[in-house]
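Source file: target_3.pdb; contents: PDB, N, CA and C atoms.
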```
ATOM      1  N   MET A   1       0.848  -1.178   0.000
ATOM      2  CA  MET A   1       0.000   0.000   0.000
ATOM      3  C   MET A   1       0.890   1.238   0.000
ATOM      4  N   ALA A   2       0.517   2.204  -0.820
ATOM      5  CA  ALA A   2       1.281   3.455  -0.902
ATOM      6  C   ALA A   2       0.439   4.598  -0.355
ATOM      7  N   PHE A   3       1.103   5.600   0.155
ATOM      8  CA  PHE A   3       0.437   6.802   0.643
ATOM      9  C   PHE A   3       0.728   7.945  -0.307
ATOM     10  N   TYR A   4      -0.278   8.785  -0.529
ATOM     11  CA  TYR A   4      -0.134   9.957  -1.396
ATOM     12  C   TYR A   4      -0.638  11.183  -0.650
ATOM     13  N   SER A   5      -0.072  12.313  -0.964
ATOM     14  CA  SER A   5      -0.555  13.568  -0.391
ATOM     15  C   SER A   5      -0.325  14.688  -1.391
ATOM     16  N   GLY A   6      -0.959  15.802  -1.184
ATOM     17  CA  GLY A   6      -0.781  16.949  -2.062
ATOM     18  C   GLY A   6      -1.752  18.028  -1.644
ATOM     19  N   PHE A   7      -1.683  19.078  -2.017
ATOM     20  CA  PHE A   7      -0.721  19.808  -2.818
ATOM     21  C   PHE A   7       0.032  20.758  -1.901
ATOM     22  N   PHE A   8       1.334  20.817  -2.072
ATOM     23  CA  PHE A   8       2.183  21.651  -1.225
ATOM     24  C   PHE A   8       3.092  22.494  -2.108
ATOM     25  N   ASN A   9       3.467  23.664  -1.599
ATOM     26  CA  ASN A   9       4.382  24.525  -2.335
ATOM     27  C   ASN A   9       5.734  23.847  -2.517
ATOM     28  N   SER A  10       6.336  24.100  -3.648
ATOM     29  CA  SER A  10       7.644  23.533  -3.952
ATOM     30  C   SER A  10       8.740  24.356  -3.277
ATOM     31  N   GLN A  11       9.748  23.661  -2.806
ATOM     32  CA  GLN A  11      10.948  24.305  -2.273
ATOM     33  C   GLN A  11      12.122  23.704  -3.019
ATOM     34  N   GLY A  12      12.746  24.492  -3.856
ATOM     35  CA  GLY A  12      13.856  23.995  -4.660
ATOM     36  C   GLY A  12      13.420  22.938  -5.663
ATOM     37  N   LEU A  13      12.229  23.084  -6.179
ATOM     38  CA  LEU A  13      11.651  22.175  -7.182
ATOM     39  C   LEU A  13      11.524  20.727  -6.693
ATOM     40  N   ASP A  14      11.255  20.553  -5.368
ATOM     41  CA  ASP A  14      11.087  19.203  -4.843
ATOM     42  C   ASP A  14       9.664  18.669  -5.041
ATOM     43  N   ARG A  15       8.767  19.496  -5.555
ATOM     44  CA  ARG A  15       7.391  19.067  -5.818
ATOM     45  C   ARG A  15       7.066  19.324  -7.288
ATOM     46  N   THR A  16       6.652  18.303  -7.960
ATOM     47  CA  THR A  16       6.157  18.468  -9.327
ATOM     48  C   THR A  16       4.816  17.770  -9.417
ATOM     49  N   TYR A  17       3.862  18.436 -10.028
ATOM     50  CA  TYR A  17       2.516  17.887 -10.176
ATOM     51  C   TYR A  17       2.155  17.862 -11.653
ATOM     52  N   THR A  18       1.407  16.855 -12.029
ATOM     53  CA  THR A  18       0.977  16.712 -13.415
ATOM     54  C   THR A  18      -0.494  17.069 -13.540
ATOM     55  N   ALA A  19      -0.941  17.177 -14.778
ATOM     56  CA  ALA A  19      -2.366  17.418 -15.018
ATOM     57  C   ALA A  19      -3.201  16.299 -14.408
ATOM     58  N   GLU A  20      -2.697  15.069 -14.464
ATOM     59  CA  GLU A  20      -3.422  13.940 -13.889
ATOM     60  C   GLU A  20      -3.604  14.100 -12.381
ATOM     61  N   ASP A  21      -2.608  14.671 -11.696
ATOM     62  CA  ASP A  21      -2.746  14.917 -10.260
ATOM     63  C   ASP A  21      -3.912  15.865  -9.981
ATOM     64  N   PHE A  22      -4.004  16.932 -10.763
ATOM     65  CA  PHE A  22      -5.068  17.911 -10.550
ATOM     66  C   PHE A  22      -6.430  17.376 -10.982
ATOM     67  N   THR A  23      -6.488  16.708 -12.138
ATOM     68  CA  THR A  23      -7.784  16.199 -12.600
ATOM     69  C   THR A  23      -8.287  15.080 -11.696
ATOM     70  N   SER A  24      -7.385  14.290 -11.149
ATOM     71  CA  SER A  24      -7.800  13.262 -10.202
ATOM     72  C   SER A  24      -8.449  13.893  -8.978
ATOM     73  N   TYR A  25      -7.831  14.943  -8.469
ATOM     74  CA  TYR A  25      -8.402  15.653  -7.321
ATOM     75  C   TYR A  25      -9.725  16.318  -7.683
ATOM     76  N   LEU A  26      -9.748  17.063  -8.793
ATOM     77  CA  LEU A  26     -10.969  17.766  -9.180
ATOM     78  C   LEU A  26     -12.126  16.820  -9.454
ATOM     79  N   SER A  27     -11.845  15.662 -10.064
ATOM     80  CA  SER A  27     -12.924  14.728 -10.366
ATOM     81  C   SER A  27     -13.506  14.102  -9.106
ATOM     82  N   SER A  28     -12.779  14.193  -7.985
ATOM     83  CA  SER A  28     -13.322  13.662  -6.732
ATOM     84  C   SER A  28     -14.277  14.646  -6.056
ATOM     85  N   ILE A  29     -14.265  15.907  -6.481
ATOM     86  CA  ILE A  29     -15.161  16.894  -5.852
ATOM     87  C   ILE A  29     -16.130  17.553  -6.834
ATOM     88  N   ILE A  30     -15.903  17.394  -8.148
ATOM     89  CA  ILE A  30     -16.783  17.996  -9.161
ATOM     90  C   ILE A  30     -17.339  16.879 -10.032
ATOM     91  N   CYS A  31     -18.647  16.793 -10.104
ATOM     92  CA  CYS A  31     -19.304  15.757 -10.902
ATOM     93  C   CYS A  31     -19.217  16.082 -12.390
ATOM     94  N   ASN A  32     -19.238  15.049 -13.210
ATOM     95  CA  ASN A  32     -19.297  15.234 -14.661
ATOM     96  C   ASN A  32     -20.635  15.859 -15.043
ATOM     97  N   GLY A  33     -20.598  16.747 -16.027
ATOM     98  CA  GLY A  33     -21.835  17.326 -16.539
ATOM     99  C   GLY A  33     -21.704  18.805 -16.828
ATOM    100  N   ILE A  34     -22.832  19.387 -17.197
ATOM    101  CA  ILE A  34     -22.905  20.810 -17.528
ATOM    102  C   ILE A  34     -23.148  21.612 -16.260
ATOM    103  N   LEU A  35     -22.358  22.637 -16.067
ATOM    104  CA  LEU A  35     -22.516  23.524 -14.918
ATOM    105  C   LEU A  35     -23.713  24.424 -15.185
ATOM    106  N   ASP A  36     -24.749  24.316 -14.377
ATOM    107  CA  ASP A  36     -25.993  25.037 -14.657
ATOM    108  C   ASP A  36     -25.989  26.501 -14.227
ATOM    109  N   THR A  37     -24.871  26.992 -13.710
ATOM    110  CA  THR A  37     -24.788  28.392 -13.292
ATOM    111  C   THR A  37     -23.939  29.237 -14.233
ATOM    112  N   TYR A  38     -23.536  28.675 -15.374
ATOM    113  CA  TYR A  38     -22.668  29.406 -16.301
ATOM    114  C   TYR A  38     -23.347  29.511 -17.655
ATOM    115  N   GLY A  39     -23.534  30.710 -18.129
ATOM    116  CA  GLY A  39     -24.058  30.930 -19.481
ATOM    117  C   GLY A  39     -25.447  30.371 -19.697
ATOM    118  N   SER A  40     -25.668  29.893 -20.913
ATOM    119  CA  SER A  40     -27.002  29.388 -21.283
ATOM    120  C   SER A  40     -27.050  27.863 -21.339
ATOM    121  N   ASN A  41     -26.110  27.209 -20.662
ATOM    122  CA  ASN A  41     -26.101  25.741 -20.560
ATOM    123  C   ASN A  41     -26.030  25.053 -21.908
ATOM    124  N   PHE A  42     -25.265  25.614 -22.843
ATOM    125  CA  PHE A  42     -25.089  25.032 -24.177
ATOM    126  C   PHE A  42     -26.419  24.862 -24.914
ATOM    127  N   SER A  43     -27.337  25.779 -24.728
ATOM    128  CA  SER A  43     -28.638  25.666 -25.394
ATOM    129  C   SER A  43     -28.457  25.667 -26.913
ATOM    130  N   LEU A  44     -29.275  24.891 -27.600
ATOM    131  CA  LEU A  44     -29.266  24.832 -29.062
ATOM    132  C   LEU A  44     -30.483  25.561 -29.601
ATOM    133  N   THR A  45     -30.262  26.449 -30.560
ATOM    134  CA  THR A  45     -31.375  27.135 -31.208
ATOM    135  C   THR A  45     -31.215  27.014 -32.717
ATOM    136  N   ALA A  46     -32.344  26.897 -33.393
ATOM    137  CA  ALA A  46     -32.327  26.786 -34.849
ATOM    138  C   ALA A  46     -31.951  28.124 -35.467
ATOM    139  N   SER A  47     -31.133  28.062 -36.494
ATOM    140  CA  SER A  47     -30.778  29.248 -37.269
ATOM    141  C   SER A  47     -31.343  29.059 -38.662
ATOM    142  N   SER A  48     -30.851  29.802 -39.622
ATOM    143  CA  SER A  48     -31.358  29.687 -40.987
ATOM    144  C   SER A  48     -30.844  28.408 -41.653
ATOM    145  N   GLY A  49     -31.665  27.837 -42.519
ATOM    146  CA  GLY A  49     -31.264  26.640 -43.255
ATOM    147  C   GLY A  49     -30.978  25.479 -42.327
ATOM    148  N   LEU A  50     -29.862  24.825 -42.553
ATOM    149  CA  LEU A  50     -29.453  23.684 -41.731
ATOM    150  C   LEU A  50     -28.390  24.090 -40.726
ATOM    151  N   LYS A  51     -28.593  25.225 -40.088
ATOM    152  CA  LYS A  51     -27.648  25.707 -39.091
ATOM    153  C   LYS A  51     -28.315  25.765 -37.727
ATOM    154  N   VAL A  52     -27.530  25.470 -36.697
ATOM    155  CA  VAL A  52     -27.970  25.629 -35.320
ATOM    156  C   VAL A  52     -26.912  26.449 -34.594
ATOM    157  N   THR A  53     -27.325  27.090 -33.520
ATOM    158  CA  THR A  53     -26.404  27.874 -32.716
ATOM    159  C   THR A  53     -26.297  27.258 -31.337
ATOM    160  N   LEU A  54     -25.063  26.976 -30.929
ATOM    161  CA  LEU A  54     -24.780  26.439 -29.607
ATOM    162  C   LEU A  54     -24.516  27.612 -28.673
ATOM    163  N   GLY A  55     -25.250  27.658 -27.580
ATOM    164  CA  GLY A  55     -25.096  28.746 -26.620
ATOM    165  C   GLY A  55     -23.887  28.548 -25.717
ATOM    166  N   THR A  56     -23.654  29.509 -24.872
ATOM    167  CA  THR A  56     -22.518  29.473 -23.958
ATOM    168  C   THR A  56     -22.739  28.431 -22.867
ATOM    169  N   GLY A  57     -21.651  27.991 -22.270
ATOM    170  CA  GLY A  57     -21.768  27.023 -21.191
ATOM    171  C   GLY A  57     -20.419  26.538 -20.712
ATOM    172  N   LYS A  58     -20.466  25.786 -19.615
ATOM    173  CA  LYS A  58     -19.264  25.183 -19.040
ATOM    174  C   LYS A  58     -19.600  23.761 -18.626
ATOM    175  N   ALA A  59     -18.704  22.827 -18.935
ATOM    176  CA  ALA A  59     -18.919  21.428 -18.588
ATOM    177  C   ALA A  59     -17.646  20.844 -17.980
ATOM    178  N   TRP A  60     -17.837  19.797 -17.190
ATOM    179  CA  TRP A  60     -16.727  19.063 -16.582
ATOM    180  C   TRP A  60     -16.800  17.609 -17.011
ATOM    181  N   ILE A  61     -15.654  17.014 -17.394
ATOM    182  CA  ILE A  61     -15.554  15.593 -17.682
ATOM    183  C   ILE A  61     -14.292  15.073 -16.997
ATOM    184  N   ASP A  62     -14.477  14.227 -16.009
ATOM    185  CA  ASP A  62     -13.363  13.589 -15.295
ATOM    186  C   ASP A  62     -12.281  14.583 -14.855
ATOM    187  N   GLY A  63     -12.691  15.709 -14.313
ATOM    188  CA  GLY A  63     -11.742  16.697 -13.807
ATOM    189  C   GLY A  63     -11.222  17.684 -14.834
ATOM    190  N   HIS A  64     -11.596  17.487 -16.105
ATOM    191  CA  HIS A  64     -11.222  18.422 -17.170
ATOM    192  C   HIS A  64     -12.417  19.341 -17.426
ATOM    193  N   TYR A  65     -12.167  20.593 -17.797
ATOM    194  CA  TYR A  65     -13.277  21.502 -18.068
ATOM    195  C   TYR A  65     -13.302  21.925 -19.529
ATOM    196  N   PHE A  66     -14.488  22.317 -19.970
ATOM    197  CA  PHE A  66     -14.716  22.843 -21.318
ATOM    198  C   PHE A  66     -15.597  24.065 -21.175
ATOM    199  N   ILE A  67     -15.199  25.178 -21.784
ATOM    200  CA  ILE A  67     -15.978  26.420 -21.717
ATOM    201  C   ILE A  67     -16.239  26.919 -23.126
ATOM    202  N   ASN A  68     -17.480  27.285 -23.387
ATOM    203  CA  ASN A  68     -17.844  27.998 -24.607
ATOM    204  C   ASN A  68     -18.340  29.366 -24.146
ATOM    205  N   ASP A  69     -17.562  30.428 -24.407
ATOM    206  CA  ASP A  69     -17.921  31.750 -23.890
ATOM    207  C   ASP A  69     -18.573  32.661 -24.928
ATOM    208  N   ALA A  70     -18.878  32.115 -26.104
ATOM    209  CA  ALA A  70     -19.574  32.894 -27.142
ATOM    210  C   ALA A  70     -20.422  31.931 -27.967
ATOM    211  N   SER A  71     -21.489  32.439 -28.556
ATOM    212  CA  SER A  71     -22.335  31.601 -29.408
ATOM    213  C   SER A  71     -21.503  30.996 -30.528
ATOM    214  N   TYR A  72     -21.810  29.758 -30.877
ATOM    215  CA  TYR A  72     -21.047  29.024 -31.873
ATOM    216  C   TYR A  72     -22.023  28.446 -32.893
ATOM    217  N   SER A  73     -21.840  28.790 -34.157
ATOM    218  CA  SER A  73     -22.731  28.329 -35.223
ATOM    219  C   SER A  73     -22.234  26.996 -35.775
ATOM    220  N   ILE A  74     -23.155  26.040 -35.908
ATOM    221  CA  ILE A  74     -22.832  24.721 -36.449
ATOM    222  C   ILE A  74     -23.630  24.540 -37.734
ATOM    223  N   ASP A  75     -22.921  24.312 -38.836
ATOM    224  CA  ASP A  75     -23.556  24.124 -40.137
ATOM    225  C   ASP A  75     -23.716  22.631 -40.399
ATOM    226  N   LEU A  76     -24.958  22.172 -40.449
ATOM    227  CA  LEU A  76     -25.224  20.746 -40.649
ATOM    228  C   LEU A  76     -25.329  20.373 -42.119
ATOM    229  N   SER A  77     -25.259  21.328 -43.016
ATOM    230  CA  SER A  77     -25.412  21.033 -44.445
ATOM    231  C   SER A  77     -24.225  20.248 -45.006
ATOM    232  N   GLN A  78     -23.118  20.209 -44.282
ATOM    233  CA  GLN A  78     -21.948  19.469 -44.761
ATOM    234  C   GLN A  78     -22.110  17.961 -44.629
ATOM    235  N   TYR A  79     -23.116  17.512 -43.904
ATOM    236  CA  TYR A  79     -23.311  16.085 -43.706
ATOM    237  C   TYR A  79     -24.079  15.473 -44.862
ATOM    238  N   ASP A  80     -23.925  14.185 -45.059
ATOM    239  CA  ASP A  80     -24.544  13.439 -46.144
ATOM    240  C   ASP A  80     -26.052  13.326 -45.902
ATOM    241  N   GLU A  81     -26.823  14.073 -46.660
ATOM    242  CA  GLU A  81     -28.271  14.098 -46.456
ATOM    243  C   GLU A  81     -28.947  12.801 -46.870
ATOM    244  N   GLU A  82     -28.332  12.002 -47.749
ATOM    245  CA  GLU A  82     -28.934  10.742 -48.162
ATOM    246  C   GLU A  82     -28.865   9.700 -47.051
ATOM    247  N   ARG A  83     -27.869   9.779 -46.211
ATOM    248  CA  ARG A  83     -27.702   8.792 -45.144
ATOM    249  C   ARG A  83     -28.318   9.241 -43.827
ATOM    250  N   HIS A  84     -28.485  10.532 -43.631
ATOM    251  CA  HIS A  84     -29.003  11.039 -42.358
ATOM    252  C   HIS A  84     -30.099  12.064 -42.623
ATOM    253  N   THR A  85     -31.051  12.128 -41.720
ATOM    254  CA  THR A  85     -32.062  13.179 -41.781
ATOM    255  C   THR A  85     -32.023  13.956 -40.475
ATOM    256  N   TYR A  86     -32.355  15.218 -40.552
ATOM    257  CA  TYR A  86     -32.323  16.085 -39.385
ATOM    258  C   TYR A  86     -33.680  16.765 -39.230
ATOM    259  N   ASP A  87     -34.670  16.015 -38.755
ATOM    260  CA  ASP A  87     -35.978  16.600 -38.521
ATOM    261  C   ASP A  87     -35.954  17.484 -37.284
ATOM    262  N   GLU A  88     -35.303  17.000 -36.243
ATOM    263  CA  GLU A  88     -35.189  17.773 -35.010
ATOM    264  C   GLU A  88     -33.843  17.490 -34.374
ATOM    265  N   ILE A  89     -33.292  18.491 -33.738
ATOM    266  CA  ILE A  89     -32.050  18.320 -32.983
ATOM    267  C   ILE A  89     -32.354  18.741 -31.556
ATOM    268  N   HIS A  90     -32.112  17.848 -30.633
ATOM    269  CA  HIS A  90     -32.443  18.119 -29.235
ATOM    270  C   HIS A  90     -31.218  18.334 -28.353
ATOM    271  N   ALA A  91     -30.057  17.874 -28.781
ATOM    272  CA  ALA A  91     -28.882  17.957 -27.919
ATOM    273  C   ALA A  91     -27.605  17.955 -28.745
ATOM    274  N   ALA A  92     -26.561  18.457 -28.139
ATOM    275  CA  ALA A  92     -25.225  18.386 -28.732
ATOM    276  C   ALA A  92     -24.380  17.535 -27.811
ATOM    277  N   GLY A  93     -23.392  16.858 -28.360
ATOM    278  CA  GLY A  93     -22.545  15.993 -27.545
ATOM    279  C   GLY A  93     -21.211  16.647 -27.229
ATOM    280  N   LEU A  94     -20.623  16.227 -26.144
ATOM    281  CA  LEU A  94     -19.310  16.697 -25.731
ATOM    282  C   LEU A  94     -18.500  15.467 -25.359
ATOM    283  N   SER A  95     -17.321  15.337 -25.924
ATOM    284  CA  SER A  95     -16.497  14.169 -25.635
ATOM    285  C   SER A  95     -15.075  14.594 -25.305
ATOM    286  N   MET A  96     -14.374  13.731 -24.583
ATOM    287  CA  MET A  96     -13.009  14.028 -24.178
ATOM    288  C   MET A  96     -12.039  13.141 -24.951
ATOM    289  N   ARG A  97     -10.936  13.749 -25.415
ATOM    290  CA  ARG A  97      -9.856  13.022 -26.086
ATOM    291  C   ARG A  97      -8.612  13.126 -25.215
ATOM    292  N   LYS A  98      -8.323  12.117 -24.438
ATOM    293  CA  LYS A  98      -7.127  12.169 -23.584
ATOM    294  C   LYS A  98      -5.858  12.169 -24.421
ATOM    295  N   GLN A  99      -5.842  11.407 -25.497
ATOM    296  CA  GLN A  99      -4.665  11.349 -26.354
ATOM    297  C   GLN A  99      -4.391  12.701 -27.025
ATOM    298  N   GLY A 100      -5.445  13.368 -27.496
ATOM    299  CA  GLY A 100      -5.288  14.654 -28.170
ATOM    300  C   GLY A 100      -5.314  15.834 -27.225
ATOM    301  N   ARG A 101      -5.497  15.572 -25.946
ATOM    302  CA  ARG A 101      -5.506  16.595 -24.900
ATOM    303  C   ARG A 101      -6.530  17.684 -25.169
ATOM    304  N   GLY A 102      -7.796  17.303 -25.315
ATOM    305  CA  GLY A 102      -8.831  18.301 -25.502
ATOM    306  C   GLY A 102     -10.218  17.745 -25.350
ATOM    307  N   LEU A 103     -11.174  18.646 -25.397
ATOM    308  CA  LEU A 103     -12.582  18.290 -25.375
ATOM    309  C   LEU A 103     -13.186  18.756 -26.676
ATOM    310  N   ASP A 104     -14.091  17.978 -27.243
ATOM    311  CA  ASP A 104     -14.741  18.314 -28.504
ATOM    312  C   ASP A 104     -16.230  18.471 -28.296
ATOM    313  N   ASN A 105     -16.816  19.388 -29.084
ATOM    314  CA  ASN A 105     -18.268  19.514 -29.060
ATOM    315  C   ASN A 105     -18.835  18.896 -30.294
TER     316      ASN A 105
END
```
Let me see the file written as structure tokens.
Amino acid sequence: MAFYSGFFNSQGLDRTYTAEDFTSYLSSIICNGILDTYGSNFSLTASSGLKVTLGTGKAWIDGHYFINDASYSIDLSQYDEERHTYDEIHAAGLSMRKQGRGLDN
């Protein structure tokens, strides 16, 4: 069995912490999901044609955060209309790429 502790100020660079150290700690106190007190909670609204607008918001996934601080337009016309139909859109997805070090909407 090993013991771990943290976080303490470094003296002569005797303490080094990684992103995993911080995300491990943060994920123990912050649940995954959309923070309902920031922005418009990633609300989706229809725009002209096959466009939707993603509203502002903040989300947490396993101690990592994602923030959208301005409206973001998503053009759905680039997708193959023969294979997919878009009668209604109710939600947008958010995923984490640990290898690429980022979150995607």
Selection near region 35-45 of chain A, 5 Å with all atoms listed in the file, sequence-local residues under 3 positions removed, as a VMD selection string: chain A and resid 52 to 59
Determine which residues of region 5-93 of chain A DSSP labels as strand (DSSP E) from the backbone of this structure, then write them out as a VMD selection string. chain A and resid 33 to 34 44 to 46 51 to 54 57 to 61 64 to 68 72 to 75
Of the candidates A:Phe7, A:Ala46, A:Ile74, A:Ile61, which shows the shortest atom-to-atom distance to Phe22 (chain A), using only C-alpha atoms? A:Phe7
Rounded to one decimal in Å, what is the spacing between atom N of Gly63 (chain A) and atom N of Glu20 (chain A)?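 Atom-to-atom, atom N of Gly63 (chain A) and atom N of Glu20 (chain A) are spaced 10.0 Å apart.
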d(CA of Asp75 (chain A), CA of Lys51 (chain A)) in Å: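 The value is 4.5 Å.
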Suppose you want the space between CA of Ser24 (chain A) and atom C of Phe3 (chain A); what is it in Å? 14.1 Å
Could you please give me, as a list in words, the residues of protein, DNA or RNA lying at most 6.5 Å from (-11.7, 20.8, -11.8) in the coordinate frame of the file, considering only N, CA and C atoms?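 Final list of nearby residues, as requested, is Phe22, Thr23, Tyr25, Leu26, Ser27, Ile30, Gly63, His64 and Tyr65 of chain A.
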Taking N, CA and C atoms for each residue, export the selection above as an mmCIF file, keeping the file's coordinate frame.
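Below is the file that was written, part-v9.cif:
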```cif
data_model
loop_
_atom_site.group_PDB
_atom_site.id
_atom_site.type_symbol
_atom_site.label_atom_id
_atom_site.label_comp_id
_atom_site.auth_asym_id
_atom_site.auth_seq_id
_atom_site.Cartn_x
_atom_site.Cartn_y
_atom_site.Cartn_z
ATOM 1 N N PHE A 22 -4.004 16.932 -10.763
ATOM 2 C CA PHE A 22 -5.068 17.911 -10.550
ATOM 3 C C PHE A 22 -6.430 17.376 -10.982
ATOM 4 N N THR A 23 -6.488 16.708 -12.138
ATOM 5 C CA THR A 23 -7.784 16.199 -12.600
ATOM 6 C C THR A 23 -8.287 15.080 -11.696
ATOM 7 N N TYR A 25 -7.831 14.943 -8.469
ATOM 8 C CA TYR A 25 -8.402 15.653 -7.321
ATOM 9 C C TYR A 25 -9.725 16.318 -7.683
ATOM 10 N N LEU A 26 -9.748 17.063 -8.793
ATOM 11 C CA LEU A 26 -10.969 17.766 -9.180
ATOM 12 C C LEU A 26 -12.126 16.820 -9.454
ATOM 13 N N SER A 27 -11.845 15.662 -10.064
ATOM 14 C CA SER A 27 -12.924 14.728 -10.366
ATOM 15 C C SER A 27 -13.506 14.102 -9.106
ATOM 16 N N ILE A 30 -15.903 17.394 -8.148
ATOM 17 C CA ILE A 30 -16.783 17.996 -9.161
ATOM 18 C C ILE A 30 -17.339 16.879 -10.032
ATOM 19 N N GLY A 63 -12.691 15.709 -14.313
ATOM 20 C CA GLY A 63 -11.742 16.697 -13.807
ATOM 21 C C GLY A 63 -11.222 17.684 -14.834
ATOM 22 N N HIS A 64 -11.596 17.487 -16.105
ATOM 23 C CA HIS A 64 -11.222 18.422 -17.170
ATOM 24 C C HIS A 64 -12.417 19.341 -17.426
ATOM 25 N N TYR A 65 -12.167 20.593 -17.797
ATOM 26 C CA TYR A 65 -13.277 21.502 -18.068
ATOM 27 C C TYR A 65 -13.302 21.925 -19.529
#
```
Enumerate, as a list in words, the complete set of residues in region 11-69 of chain A that a backbone-based DSSP assignment places in helix (DSSP H, G or I).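 After running DSSP on the backbone, region 11-69 of chain A has helix (DSSP H, G or I) at Ala19, Glu20, Asp21, Phe22, Thr23, Ser24, Tyr25, Leu26, Ser27, Ser28 and Ile29 of chain A.
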Closest to Ser48 (chain A) among A:Thr18, A:Ser5, A:Ser10, A:Ser73, using only C-alpha atoms? A:Ser73
So for region 39-53 of chain A, what box centre and size do we get, axis-aligned, 8 Å extra on each of the six sides, every listed atom, Å to one decimal, as AutoDock Vina command-line options?
```
--center_x -27.9 --center_y 27.3 --center_z -30.7 --size_x 24.8 --size_y 23.2 --size_z 41.1
```
